[in-house]
$ cat upload13.cif   # mmCIF, C-alpha atoms
data_model
loop_
_atom_site.label_atom_id
_atom_site.label_comp_id
_atom_site.auth_asym_id
_atom_site.auth_seq_id
_atom_site.Cartn_x
_atom_site.Cartn_y
_atom_site.Cartn_z
CA MET L 229 20.01 6.83 -31.28
CA SER L 230 19.81 4.42 -28.36
CA ALA L 231 18.49 4.96 -24.84
CA ALA L 232 21.20 2.64 -23.52
CA CYS L 233 23.37 5.63 -22.60
CA LEU L 234 20.66 6.94 -20.22
CA MET L 235 20.45 5.86 -16.58
CA SER L 236 17.48 3.54 -16.16
CA THR L 237 15.46 5.78 -13.84
CA TYR L 238 12.39 5.75 -16.08
CA GLN L 239 10.42 3.19 -18.06
CA PRO L 240 9.23 5.37 -20.96
CA LEU L 241 6.61 4.26 -23.44
CA PRO L 242 7.81 3.78 -27.02
CA LEU L 243 6.46 7.23 -27.94
CA ASN L 244 8.49 10.22 -29.07
CA PHE L 245 6.72 13.55 -29.44
CA ASN L 246 8.12 16.25 -31.68
CA LYS L 247 5.32 18.83 -31.67
CA GLY L 248 2.75 20.23 -29.26
CA LEU L 249 0.00 22.81 -29.53
CA GLY L 250 -2.64 23.56 -26.91
CA THR L 251 -3.97 20.29 -25.49
CA ARG L 252 -2.48 18.14 -28.28
CA LEU L 253 0.82 16.39 -28.96
CA TRP L 254 2.04 14.75 -32.18
CA ASP L 255 4.49 11.87 -32.43
CA GLN L 256 7.17 11.43 -35.09
CA ALA L 257 4.73 9.58 -37.33
CA GLY L 258 2.34 12.54 -37.22
CA ARG L 259 -0.28 10.88 -35.02
CA GLU L 260 -2.22 13.23 -32.73
CA TYR L 261 -2.82 12.65 -29.01
CA LEU L 262 -4.97 14.43 -26.44
CA ASP L 263 -2.73 15.27 -23.48
CA ALA L 264 -4.77 14.56 -20.34
CA ILE L 265 -1.75 14.65 -18.02
CA ALA L 266 -0.07 17.92 -19.13
CA GLY L 267 3.43 16.70 -18.42
CA VAL L 268 2.25 15.80 -14.87
CA ALA L 269 0.53 19.13 -14.14
CA VAL L 270 3.14 21.24 -15.93
CA THR L 271 1.74 22.61 -19.22
CA GLY L 272 -1.30 24.33 -17.73
CA ILE L 273 -1.62 26.94 -20.48
CA GLY L 274 -1.11 24.26 -23.13
CA HIS L 275 1.80 23.42 -25.39
CA SER L 276 3.54 26.12 -27.43
CA HIS L 277 1.32 28.99 -26.33
CA PRO L 278 2.23 31.79 -28.79
CA LYS L 279 2.57 34.50 -26.13
CA LEU L 280 4.91 32.31 -24.05
CA VAL L 281 6.92 31.27 -27.12
CA GLN L 282 7.40 34.93 -27.99
CA ALA L 283 8.46 35.88 -24.44
CA ILE L 284 10.97 33.02 -24.20
CA SER L 285 12.41 33.75 -27.65
CA GLU L 286 12.79 37.45 -26.93
CA GLN L 287 14.38 36.88 -23.52
CA ALA L 288 16.77 34.25 -24.89
CA GLY L 289 18.01 36.87 -27.30
CA LEU L 290 18.50 39.42 -24.52
CA LEU L 291 19.83 37.69 -21.40
CA LEU L 292 19.68 34.14 -20.06
CA HIS L 293 21.78 34.45 -16.93
CA SER L 294 23.48 37.08 -14.80
CA SER L 295 23.63 35.34 -11.37
CA ASN L 296 22.11 36.38 -8.08
CA LEU L 297 25.10 38.60 -7.35
CA TYR L 298 23.06 41.29 -9.11
CA ASP L 299 19.46 42.49 -9.17
CA ILE L 300 17.30 40.57 -11.65
CA HIS L 301 14.31 42.55 -12.89
CA TRP L 302 12.12 39.59 -13.87
CA GLN L 303 12.86 37.84 -10.58
CA GLN L 304 11.58 40.84 -8.65
CA GLN L 305 8.53 41.09 -10.92
CA LEU L 306 7.68 37.43 -10.38
CA ALA L 307 8.20 37.62 -6.61
CA ALA L 308 5.86 40.63 -6.38
CA LYS L 309 3.18 38.89 -8.45
CA LEU L 310 3.29 35.55 -6.61
CA THR L 311 3.38 37.02 -3.12
CA GLY L 312 0.46 39.26 -4.03
CA LEU L 313 -1.60 36.33 -5.28
CA ALA L 314 -0.75 34.14 -2.29
CA GLY L 315 -0.85 36.73 0.52
CA MET L 316 2.82 36.10 1.31
CA ASP L 317 5.75 38.45 1.95
CA CYS L 318 8.73 37.21 -0.07
CA ALA L 319 9.97 34.49 -2.41
CA PHE L 320 13.06 32.42 -3.11
CA PHE L 321 13.47 30.90 -6.58
CA ASN L 322 15.19 27.69 -7.58
CA ASN L 323 14.80 25.11 -10.34
CA SER L 324 12.34 22.41 -9.21
CA GLY L 325 9.71 21.36 -6.73
CA ALA L 326 12.11 19.20 -4.75
CA GLU L 327 14.44 22.18 -4.36
CA ALA L 328 11.54 24.35 -3.26
CA ASN L 329 10.66 21.81 -0.58
CA GLU L 330 14.30 21.59 0.51
CA THR L 331 14.14 25.36 0.97
CA ALA L 332 11.02 24.98 3.11
CA LEU L 333 12.69 22.30 5.24
CA LYS L 334 15.67 24.58 5.81
CA LEU L 335 13.28 27.30 6.97
CA ALA L 336 11.70 24.81 9.37
CA ARG L 337 15.12 23.91 10.79
CA LEU L 338 16.00 27.58 11.27
CA HIS L 339 12.66 28.23 12.93
CA GLY L 340 13.36 25.37 15.35
CA TRP L 341 16.88 26.65 15.97
CA TYR L 342 15.65 30.12 16.85
CA LYS L 343 13.16 28.53 19.23
CA GLY L 344 16.02 26.72 20.95
CA ILE L 345 14.95 23.22 19.86
CA GLU L 346 17.98 20.93 19.82
CA HIS L 347 16.43 18.19 17.64
CA PRO L 348 13.52 19.77 15.73
CA LEU L 349 10.73 17.65 14.24
CA VAL L 350 8.69 18.40 11.13
CA VAL L 351 5.25 16.79 10.94
CA VAL L 352 4.51 15.17 7.58
CA MET L 353 1.64 13.05 6.26
CA GLU L 354 1.29 9.40 5.43
CA ASN L 355 1.25 8.80 1.64
CA ALA L 356 2.89 12.19 1.05
CA PHE L 357 5.31 12.94 -1.78
CA HIS L 358 7.61 15.95 -1.64
CA GLY L 359 10.46 15.09 -4.01
CA ARG L 360 13.42 12.82 -4.68
CA THR L 361 16.34 14.52 -2.97
CA LEU L 362 17.48 12.76 0.19
CA GLY L 363 15.82 15.40 2.38
CA THR L 364 12.49 15.40 0.56
CA LEU L 365 12.50 11.60 0.37
CA SER L 366 12.72 11.61 4.16
CA ALA L 367 9.57 13.71 4.25
CA SER L 368 7.80 11.48 1.71
CA ASP L 369 6.10 8.14 2.16
CA GLY L 370 6.09 4.90 0.19
CA PRO L 371 8.78 2.20 0.27
CA ALA L 372 9.28 2.15 -3.52
CA VAL L 373 10.81 5.63 -3.72
CA ARG L 374 12.90 5.11 -0.56
CA LEU L 375 14.20 1.59 -1.23
CA GLY L 376 17.97 1.22 -1.03
CA TYR L 377 18.80 4.68 0.29
CA GLY L 378 19.35 3.59 3.88
CA ILE L 379 18.94 6.00 6.76
CA LEU L 380 17.63 9.26 5.35
CA PRO L 381 18.45 12.67 6.84
CA GLY L 382 16.08 14.71 8.94
CA ASP L 383 13.66 14.07 11.78
CA PHE L 384 10.02 13.74 10.79
CA LEU L 385 6.85 12.73 12.58
CA LYS L 386 4.48 10.97 10.20
CA VAL L 387 0.73 11.17 10.91
CA PRO L 388 -2.39 10.12 8.96
CA PHE L 389 -3.45 12.60 6.27
CA GLY L 390 -6.51 14.62 7.21
CA ASP L 391 -6.68 13.35 10.82
CA LEU L 392 -6.19 16.27 13.20
CA ALA L 393 -6.91 14.14 16.27
CA ALA L 394 -4.02 11.83 15.35
CA LEU L 395 -1.67 14.81 15.19
CA GLU L 396 -2.93 16.25 18.46
CA SER L 397 -2.45 12.88 20.19
CA ASN L 398 1.30 13.20 19.54
CA ILE L 399 1.65 16.64 21.11
CA ALA L 400 2.17 15.40 24.66
CA GLU L 401 5.20 13.35 23.60
CA TYR L 402 6.61 15.33 20.68
CA GLY L 403 5.10 18.82 21.00
CA PRO L 404 8.20 20.58 22.36
CA ARG L 405 10.25 19.31 19.40
CA ILE L 406 7.77 20.10 16.62
CA CYS L 407 8.66 23.22 14.63
CA ALA L 408 6.55 22.86 11.45
CA VAL L 409 3.94 20.88 9.52
CA LEU L 410 4.56 20.11 5.84
CA MET L 411 1.69 18.78 3.74
CA GLU L 412 -0.02 18.77 0.34
CA PRO L 413 -3.57 20.19 0.36
CA ILE L 414 -4.30 17.56 -2.31
CA GLN L 415 -2.06 14.50 -2.37
CA GLY L 416 -1.32 14.06 -6.06
CA GLU L 417 1.15 11.19 -6.21
CA SER L 418 -0.91 9.09 -3.80
CA GLY L 419 -3.95 9.15 -6.09
CA ILE L 420 -5.60 12.61 -5.87
CA ARG L 421 -6.61 12.51 -2.22
CA LEU L 422 -8.24 15.66 -0.83
CA ALA L 423 -7.96 16.83 2.76
CA PRO L 424 -11.35 16.65 4.51
CA ALA L 425 -13.39 19.85 4.62
CA GLY L 426 -12.25 22.05 7.49
CA TYR L 427 -8.98 20.20 8.05
CA LEU L 428 -6.68 22.87 6.64
CA LYS L 429 -8.40 25.61 8.62
CA ALA L 430 -8.15 23.61 11.84
CA LEU L 431 -4.50 22.83 11.12
CA ARG L 432 -3.84 26.54 10.52
CA GLU L 433 -5.31 27.36 13.93
CA LEU L 434 -3.27 24.61 15.62
CA CYS L 435 -0.01 25.78 14.03
CA THR L 436 -0.67 29.38 15.04
CA ARG L 437 -1.45 28.34 18.60
CA ARG L 438 1.67 26.16 18.93
CA ASN L 439 4.03 28.52 17.04
CA TRP L 440 4.65 25.92 14.30
CA LEU L 441 5.16 26.87 10.68
CA LEU L 442 2.36 25.67 8.40
CA MET L 443 4.15 24.74 5.15
CA LEU L 444 1.95 23.79 2.18
CA ASP L 445 3.33 21.92 -0.82
CA GLU L 446 1.31 23.34 -3.73
CA ILE L 447 3.73 22.06 -6.35
CA GLN L 448 1.08 19.96 -8.10
CA SER L 449 -2.11 21.63 -6.84
CA GLY L 450 -1.02 25.25 -7.35
CA ILE L 451 -1.03 27.73 -10.27
CA GLY L 452 -4.72 27.23 -11.04
CA ARG L 453 -4.85 23.45 -11.08
CA SER L 454 -7.63 23.27 -8.45
CA GLY L 455 -9.65 26.16 -9.91
CA ARG L 456 -8.05 28.69 -7.56
CA TRP L 457 -4.52 30.02 -7.72
CA PHE L 458 -3.67 27.73 -4.81
CA ALA L 459 -5.70 24.84 -3.38
CA CYS L 460 -5.50 26.23 0.17
CA GLN L 461 -7.57 29.20 -0.99
CA HIS L 462 -10.67 27.00 -1.17
CA GLU L 463 -10.67 27.16 2.65
CA GLY L 464 -9.33 30.70 2.94
CA VAL L 465 -6.09 29.45 4.52
CA VAL L 466 -2.81 31.33 4.22
CA PRO L 467 0.24 29.25 5.22
CA ASP L 468 3.56 30.48 6.60
CA VAL L 469 5.45 28.79 3.76
CA MET L 470 4.24 27.67 0.33
CA THR L 471 6.16 25.75 -2.34
CA LEU L 472 5.47 25.91 -6.08
CA ALA L 473 6.87 24.50 -9.33
CA LYS L 474 5.33 22.41 -12.17
CA GLY L 475 2.73 24.72 -13.77
CA LEU L 476 4.64 27.88 -12.83
CA GLY L 477 6.97 27.72 -15.84
CA ASN L 478 4.79 25.64 -18.21
CA GLY L 479 7.85 23.50 -18.99
CA ILE L 480 10.64 25.96 -18.24
CA PRO L 481 12.26 24.62 -15.02
CA ILE L 482 11.48 26.85 -12.04
CA GLY L 483 10.55 26.33 -8.40
CA ALA L 484 9.54 28.84 -5.74
CA CYS L 485 9.34 28.94 -1.98
CA LEU L 486 7.11 31.72 -0.62
CA ALA L 487 7.11 32.79 3.01
CA ARG L 488 5.44 35.33 5.27
CA GLY L 489 5.74 36.71 8.77
CA LYS L 490 8.51 35.24 10.90
CA ALA L 491 9.26 32.59 8.25
CA ALA L 492 10.12 35.34 5.77
CA GLN L 493 12.84 36.69 8.09
CA LEU L 494 14.73 33.44 8.75
CA PHE L 495 17.20 33.49 5.85
CA THR L 496 20.13 35.87 5.92
CA PRO L 497 22.74 36.52 3.20
CA GLY L 498 24.70 33.32 2.64
CA SER L 499 22.28 30.98 4.43
CA HIS L 500 20.77 29.68 1.18
CA GLY L 501 21.29 30.04 -2.55
CA SER L 502 20.89 28.61 -6.05
CA THR L 503 23.18 29.19 -9.03
CA PHE L 504 20.46 29.07 -11.67
CA GLY L 505 17.46 29.87 -9.45
CA GLY L 506 15.53 32.94 -10.51
CA ASN L 507 17.35 33.45 -13.78
CA PRO L 508 15.83 36.00 -16.22
CA LEU L 509 14.53 33.41 -18.70
CA ALA L 510 12.70 31.25 -16.15
CA CYS L 511 11.25 34.23 -14.29
CA ARG L 512 10.04 35.98 -17.43
CA ALA L 513 8.44 32.72 -18.59
CA ALA L 514 6.66 32.34 -15.23
CA CYS L 515 5.47 35.97 -15.30
CA THR L 516 4.05 35.34 -18.77
CA VAL L 517 2.31 32.14 -17.63
CA LEU L 518 0.58 34.04 -14.83
CA GLU L 519 -0.48 36.77 -17.27
CA ILE L 520 -1.98 34.21 -19.66
CA ILE L 521 -3.91 32.49 -16.86
CA GLU L 522 -5.45 35.83 -15.91
CA GLU L 523 -6.09 37.06 -19.47
CA GLN L 524 -7.78 33.84 -20.57
CA GLY L 525 -9.78 33.32 -17.38
CA LEU L 526 -8.23 29.90 -16.83
CA LEU L 527 -9.06 29.68 -13.12
CA ALA L 528 -12.76 29.82 -13.95
CA ASN L 529 -12.23 27.41 -16.84
CA ALA L 530 -10.46 24.92 -14.57
CA GLN L 531 -13.38 25.07 -12.14
CA ARG L 532 -15.97 24.70 -14.90
CA GLN L 533 -14.28 21.99 -16.94
CA GLY L 534 -13.09 20.13 -13.84
CA ALA L 535 -16.62 19.98 -12.45
CA LEU L 536 -17.91 18.81 -15.83
CA LEU L 537 -15.22 16.15 -16.18
CA LEU L 538 -15.89 14.83 -12.67
CA GLN L 539 -19.67 14.78 -13.31
CA ARG L 540 -19.39 13.04 -16.68
CA LEU L 541 -16.96 10.42 -15.38
CA ARG L 542 -19.25 9.62 -12.47
CA GLU L 543 -22.26 9.39 -14.79
CA THR L 544 -20.66 7.19 -17.43
CA LEU L 545 -18.66 4.94 -15.09
CA LYS L 546 -21.41 4.53 -12.48
CA GLY L 547 -21.76 0.89 -11.55
CA HIS L 548 -18.58 -0.17 -13.38
CA ALA L 549 -17.27 -3.24 -11.58
CA GLN L 550 -13.66 -2.04 -11.66
CA VAL L 551 -14.24 1.53 -10.45
CA LEU L 552 -13.94 2.05 -6.70
CA GLU L 553 -14.04 5.85 -6.52
CA ILE L 554 -13.78 8.97 -8.67
CA ARG L 555 -12.53 12.03 -6.80
CA GLY L 556 -10.96 15.37 -7.49
CA LEU L 557 -11.05 19.14 -7.45
CA GLY L 558 -10.72 21.39 -10.46
CA LEU L 559 -8.60 19.71 -13.13
CA MET L 560 -6.99 17.29 -10.68
CA ILE L 561 -8.95 14.03 -10.85
CA GLY L 562 -8.30 10.42 -9.83
CA ILE L 563 -10.17 7.26 -10.85
CA GLU L 564 -9.34 4.48 -8.40
CA LEU L 565 -9.74 0.95 -9.78
CA ARG L 566 -10.02 -2.40 -8.01
CA HIS L 567 -7.28 -3.85 -10.17
CA MET L 568 -5.06 -1.99 -12.58
CA PRO L 569 -4.94 -3.74 -15.98
CA ARG L 570 -1.47 -4.27 -17.32
CA ASP L 571 -0.10 -1.64 -19.73
CA LEU L 572 -3.14 0.62 -19.27
CA VAL L 573 -1.22 3.83 -20.04
CA GLN L 574 0.20 2.34 -23.23
CA ILE L 575 -3.23 1.03 -24.27
CA ALA L 576 -4.78 4.47 -23.71
CA ALA L 577 -2.19 6.10 -25.98
CA ARG L 578 -2.02 3.37 -28.63
CA ASP L 579 -5.72 2.54 -28.98
CA HIS L 580 -7.42 5.77 -27.93
CA GLY L 581 -4.91 8.57 -28.59
CA LEU L 582 -5.19 9.58 -24.94
CA LEU L 583 -2.25 10.41 -22.66
CA ILE L 584 -2.96 9.52 -19.02
CA ASN L 585 -0.99 8.48 -15.97
CA VAL L 586 -1.34 5.83 -13.27
CA THR L 587 -0.23 6.53 -9.72
CA ARG L 588 -0.06 4.47 -6.54
CA GLY L 589 -0.56 1.34 -8.58
CA LYS L 590 -4.28 1.54 -9.31
CA THR L 591 -5.43 5.14 -9.73
CA ILE L 592 -5.79 6.78 -13.14
CA ARG L 593 -4.63 10.37 -12.70
CA LEU L 594 -6.00 13.12 -14.95
CA LEU L 595 -4.31 16.55 -14.99
CA PRO L 596 -5.33 18.09 -18.33
CA PRO L 597 -4.23 21.58 -19.36
CA LEU L 598 -6.24 24.45 -17.91
CA VAL L 599 -7.17 25.48 -21.47
CA ILE L 600 -9.25 22.33 -22.08
CA ASP L 601 -12.78 22.80 -23.44
CA GLU L 602 -16.08 20.88 -23.25
CA VAL L 603 -15.44 18.90 -26.42
CA GLU L 604 -12.09 17.70 -25.11
CA VAL L 605 -13.60 16.84 -21.73
CA GLU L 606 -16.03 14.55 -23.54
CA MET L 607 -13.20 13.05 -25.57
CA ILE L 608 -11.42 12.10 -22.33
CA VAL L 609 -14.61 10.64 -20.86
CA GLN L 610 -15.47 8.57 -23.94
CA GLY L 611 -11.90 7.41 -24.43
CA LEU L 612 -11.63 6.19 -20.82
CA CYS L 613 -15.05 4.55 -20.93
CA ARG L 614 -14.26 2.65 -24.14
CA MET L 615 -10.91 1.57 -22.75
CA LEU L 616 -12.29 0.34 -19.42
CA LYS L 617 -15.17 -1.41 -21.20
CA ASP L 618 -12.75 -3.19 -23.54
CA LEU L 619 -10.60 -4.32 -20.65
#
$ encode --input "upload13.cif" --output "C-alpha cells"
Amino acid sequence: MSAACLMSTYQPLPLNFNKGLGTRLWDQAGREYLDAIAGVAVTGIGHSHPKLVQAISEQAGLLLHSSNLYDIHWQQQLAAKLTGLAGMDCAFFNNSGAEANETALKLARLHGWYKGIEHPLVVVMENAFHGRTLGTLSASDGPAVRLGYGILPGDFLKVPFGDLAALESNIAEYGPRICAVLMEPIQGESGIRLAPAGYLKALRELCTRRNWLLMLDEIQSGIGRSGRWFACQHEGVVPDVMTLAKGLGNGIPIGACLARGKAAQLFTPGSHGSTFGGNPLACRAACTVLEIIEEQGLLANAQRQGALLLQRLRETLKGHAQVLEIRGLGLMIGIELRHMPRDLVQIAARDHGLLINVTRGKTIRLLPPLVIDEVEVEMIVQGLCRMLKDL
C-alpha cells in the first residue's frame, strides 16, 4: 500500500511496527527497538500491558458507546479517581489534549464573562505548545506551527516562561482584562524546559490574589511522567483547571479537563459537549492505566530511573563539544545540542535500535515508558553516547 493517499502532515521514518511489548517495539522484519519516546509520552505503562489488553478486550465485547445522554459508569469512576489524585472537584472528558485545552479556554472565557470583562485575555507563555486546533494554536508559540493560518482566534498575552516579574509588569495595562493564565509546568515541545523553582507557587498566589484562573497543561508532564502524578505537585500547587491526555489512555484516545472551585461551576447543560468524549472503552482503559501505575509503583520508578538516566547522561556526555545542556525531571529529559546532525532520529533507529525524538530543532527528547529498568536506562545512555561520538 502507498502513503500517497494520506495528507502530508507528517514525515514518517521508513519504519513500520507490528508488535510491541513493554519498552520494546518490533518492525515487520522482526528487528527489535528500545522505545525511548513512548509514542511521545503516551505508552507510560509500556506496550501491550496484559492487564490493559484484557480490560480493553472485555469492554469492547460489552459496550463501546452509549453517548453522554445517559450515565456512564466508567466515566464516573475515572472522574472520581482523577479528581481525587489531583485535588480537583470535577472532570470533563474528550478525545485529545488539544480538545482538553479548548475546554480550558472555554472555561477561561466564561470566567471572564461572569466577571463582566468585554474582551478577556488569557496569559500564555513564550515557547508554549497547547495543540493544533485554531484556538490552541493561538495560545501556542512558534512560527512553524502557525504558518499560513492567518489571524487566529482568541486574545492572548504572551510573556516569558518562568518570569513572574515580566507578567506583573503587564498588570497595569492589561490587568483588568486578564481572566486566566495557561501554562505547562514543563515545556515539552520546546525542549524539556522546567519552570524555575518557586515560580508555580508564586504564580498560584498571584492568580488567587487577582481572581484569575490558574490553568495547567499537564498533557505531557502528567500521569506520572515527572515522578509525581502531576508535575505541579512537586511544588504543592493545585491549579483551578488542569488538562490531561497522552499517558492517560496509554494509546486509547482520551483527554480530560479537571476543574475546582468556581471554575468547576462555569459549565451548564448545553454549554459544552463531545460526542465520543468519556465513552466506556476509553474511560475503562484510563481507569486500568491508573490502577497499573499504582500497583507497580511506577511513580517511584519514574523518579528513580529518571534521576539515574539524567545522572548517567551527564556523566558520560560531560565535556562533549556538541552538548550544551542536559535537563529534565523524572522520565522527561532533554539533551540540547549546538547543532543537530541531519537524520539523527533515523540514525538512532537504524544503527542503534533506539527510538528517540528531536524537538525545537536541536534538542533530543527522551520520554521512555514508566516501566523502564536500570538495564534499559544504560542501553539508552550507551546508544546515545555511541551515536553522538560517531557523528
$ closest_atom_pairs --input "upload13.cif" --of "region 371-465 of chain L" --to "region 546-564 of chain L" --cutoff "7 Å" --atoms "only C-alpha atoms" --output "tab-separated table"
residue	atom	partner	partner_atom	distance
L:Gly419	CA	L:Gly562	CA	5.9
L:Ile420	CA	L:Gly562	CA	5.3
L:Arg453	CA	L:Leu559	CA	5.7
L:Ser454	CA	L:Gly558	CA	4.1
L:Gly455	CA	L:Gly558	CA	4.9
$ atom_distance --input "upload13.cif" --atom1 "CA of Pro597 (chain L)" --atom2 "CA of Gln415 (chain L)"
18.5 Å
$ atom_distance --input "upload13.cif" --atom1 "CA of Ala577 (chain L)" --atom2 "CA of Val270 (chain L)"
18.9 Å
$ closest_atom_pairs --input "upload13.cif" --of "region 410-506 of chain L" --to "region 348-371 of chain L" --cutoff "12 Å" --atoms "all atoms listed in the file" --output "tab-separated table"
residue	atom	partner	partner_atom	distance
L:Leu410	CA	L:Val352	CA	5.2
L:Met411	CA	L:Val352	CA	6.0
L:Glu412	CA	L:Ala356	CA	7.2
L:Pro413	CA	L:Ala356	CA	10.3
L:Ile414	CA	L:Ala356	CA	9.6
L:Gln415	CA	L:Ala356	CA	6.4
L:Gly416	CA	L:Phe357	CA	8.0
L:Glu417	CA	L:Phe357	CA	6.3
L:Ser418	CA	L:Asn355	CA	5.9
L:Gly419	CA	L:Asn355	CA	9.3
L:Ile420	CA	L:Asn355	CA	10.9
L:Arg421	CA	L:Asn355	CA	9.5
L:Leu422	CA	L:Ala356	CA	11.8
L:Ala423	CA	L:Met353	CA	10.9
L:Leu431	CA	L:Val351	CA	11.5
L:Cys435	CA	L:Val351	CA	10.9
L:Trp440	CA	L:Val350	CA	9.1
L:Leu441	CA	L:Val350	CA	9.2
L:Leu442	CA	L:Val351	CA	9.7
L:Met443	CA	L:Val350	CA	9.8
L:Leu444	CA	L:His358	CA	10.4
L:Asp445	CA	L:His358	CA	7.4
L:Glu446	CA	L:His358	CA	9.9
L:Ile447	CA	L:His358	CA	8.6
L:Gln448	CA	L:His358	CA	10.0
L:Thr471	CA	L:His358	CA	9.9
L:Leu472	CA	L:His358	CA	11.1
L:Ala473	CA	L:Gly359	CA	11.4
$ write_last_selection --input "upload13.cif" --atoms "C-alpha atoms" --output "PDB file, in the frame of the given file"
ATOM      1  CA  LEU L 410       4.560  20.110   5.840  1.00  0.00           C
ATOM      2  CA  MET L 411       1.690  18.780   3.740  1.00  0.00           C
ATOM      3  CA  GLU L 412      -0.020  18.770   0.340  1.00  0.00           C
ATOM      4  CA  PRO L 413      -3.570  20.190   0.360  1.00  0.00           C
ATOM      5  CA  ILE L 414      -4.300  17.560  -2.310  1.00  0.00           C
ATOM      6  CA  GLN L 415      -2.060  14.500  -2.370  1.00  0.00           C
ATOM      7  CA  GLY L 416      -1.320  14.060  -6.060  1.00  0.00           C
ATOM      8  CA  GLU L 417       1.150  11.190  -6.210  1.00  0.00           C
ATOM      9  CA  SER L 418      -0.910   9.090  -3.800  1.00  0.00           C
ATOM     10  CA  GLY L 419      -3.950   9.150  -6.090  1.00  0.00           C
ATOM     11  CA  ILE L 420      -5.600  12.610  -5.870  1.00  0.00           C
ATOM     12  CA  ARG L 421      -6.610  12.510  -2.220  1.00  0.00           C
ATOM     13  CA  LEU L 422      -8.240  15.660  -0.830  1.00  0.00           C
ATOM     14  CA  ALA L 423      -7.960  16.830   2.760  1.00  0.00           C
ATOM     15  CA  LEU L 431      -4.500  22.830  11.120  1.00  0.00           C
ATOM     16  CA  CYS L 435      -0.010  25.780  14.030  1.00  0.00           C
ATOM     17  CA  TRP L 440       4.650  25.920  14.300  1.00  0.00           C
ATOM     18  CA  LEU L 441       5.160  26.870  10.680  1.00  0.00           C
ATOM     19  CA  LEU L 442       2.360  25.670   8.400  1.00  0.00           C
ATOM     20  CA  MET L 443       4.150  24.740   5.150  1.00  0.00           C
ATOM     21  CA  LEU L 444       1.950  23.790   2.180  1.00  0.00           C
ATOM     22  CA  ASP L 445       3.330  21.920  -0.820  1.00  0.00           C
ATOM     23  CA  GLU L 446       1.310  23.340  -3.730  1.00  0.00           C
ATOM     24  CA  ILE L 447       3.730  22.060  -6.350  1.00  0.00           C
ATOM     25  CA  GLN L 448       1.080  19.960  -8.100  1.00  0.00           C
ATOM     26  CA  THR L 471       6.160  25.750  -2.340  1.00  0.00           C
ATOM     27  CA  LEU L 472       5.470  25.910  -6.080  1.00  0.00           C
ATOM     28  CA  ALA L 473       6.870  24.500  -9.330  1.00  0.00           C
TER      29      ALA L 473
END
$ resolve_selection --input "upload13.cif" --expression "the PyMOL selection byres ((chain L and resi 535-537) around 9)" --output "list in words"
Ala530, Gln531, Arg532, Gln533, Gly534, Leu538, Gln539, Arg540, Leu541, Arg542, Gly556, Leu557, Gly558, Leu559, Ile561, Glu602, Val605, Glu606, Ile608 and Val609 of chain L
$ atom_distance --input "upload13.cif" --atom1 "CA of Val599 (chain L)" --atom2 "CA of Val586 (chain L)"
22.1 Å
$ closest_atom_pairs --input "upload13.cif" --of "region 243-338 of chain L" --to "region 509-528 of chain L" --cutoff "9 Å" --atoms "only C-alpha atoms" --output "JSON lines"
{"residue": "L:Gly272", "atom": "CA", "partner": "L:Val517", "partner_atom": "CA", "distance": 8.6}
{"residue": "L:Ile273", "atom": "CA", "partner": "L:Ile521", "partner_atom": "CA", "distance": 7.0}
{"residue": "L:Lys279", "atom": "CA", "partner": "L:Thr516", "partner_atom": "CA", "distance": 7.6}
{"residue": "L:Leu280", "atom": "CA", "partner": "L:Thr516", "partner_atom": "CA", "distance": 6.1}
{"residue": "L:Val281", "atom": "CA", "partner": "L:Ala513", "partner_atom": "CA", "distance": 8.8}
{"residue": "L:Ala283", "atom": "CA", "partner": "L:Ala513", "partner_atom": "CA", "distance": 6.6}
{"residue": "L:Ile284", "atom": "CA", "partner": "L:Ala513", "partner_atom": "CA", "distance": 6.2}
{"residue": "L:Gln287", "atom": "CA", "partner": "L:Leu509", "partner_atom": "CA", "distance": 5.9}
{"residue": "L:Ala288", "atom": "CA", "partner": "L:Leu509", "partner_atom": "CA", "distance": 6.6}
{"residue": "L:Leu291", "atom": "CA", "partner": "L:Leu509", "partner_atom": "CA", "distance": 7.3}
{"residue": "L:Leu292", "atom": "CA", "partner": "L:Leu509", "partner_atom": "CA", "distance": 5.4}
{"residue": "L:His293", "atom": "CA", "partner": "L:Leu509", "partner_atom": "CA", "distance": 7.5}
{"residue": "L:His301", "atom": "CA", "partner": "L:Cys511", "partner_atom": "CA", "distance": 9.0}
{"residue": "L:Trp302", "atom": "CA", "partner": "L:Cys511", "partner_atom": "CA", "distance": 5.4}
{"residue": "L:Gln303", "atom": "CA", "partner": "L:Cys511", "partner_atom": "CA", "distance": 5.4}
{"residue": "L:Gln304", "atom": "CA", "partner": "L:Cys511", "partner_atom": "CA", "distance": 8.7}
{"residue": "L:Gln305", "atom": "CA", "partner": "L:Cys515", "partner_atom": "CA", "distance": 7.4}
{"residue": "L:Leu306", "atom": "CA", "partner": "L:Cys515", "partner_atom": "CA", "distance": 5.6}
{"residue": "L:Ala307", "atom": "CA", "partner": "L:Cys511", "partner_atom": "CA", "distance": 8.9}
{"residue": "L:Lys309", "atom": "CA", "partner": "L:Cys515", "partner_atom": "CA", "distance": 7.8}
{"residue": "L:Leu310", "atom": "CA", "partner": "L:Leu518", "partner_atom": "CA", "distance": 8.8}
{"residue": "L:Phe321", "atom": "CA", "partner": "L:Cys511", "partner_atom": "CA", "distance": 8.7}
{"residue": "L:Asn323", "atom": "CA", "partner": "L:Ala510", "partner_atom": "CA", "distance": 8.7}
$ residues_around --input "upload13.cif" --residues "region 338-343 of chain L" --least-positions-apart "4" --cutoff "8 Å" --atoms "all atoms listed in the file" --output "list in words"
Lys334, Pro348, Arg405, Ile406, Cys407, Leu441, Ala491 and Leu494 of chain L
$ closest_residue --input "upload13.cif" --among "L:Gly589, L:Pro596, L:Gly267, L:Gly505" --to "Ile300 (chain L)" --atoms "only C-alpha atoms"
L:Gly505
$ closest_residue --input "upload13.cif" --among "L:Thr436, L:Asn322, L:Ser276, L:Gln282" --to "Val465 (chain L)" --atoms "all atoms listed in the file"
L:Thr436
$ resolve_selection --input "upload13.cif" --expression "the PyMOL selection byres ((chain L and resi 581) around 12)" --output "ChimeraX atom specification"
/L:243,252-255,258-264,573-580,582-584,607-608,610-612,614-615
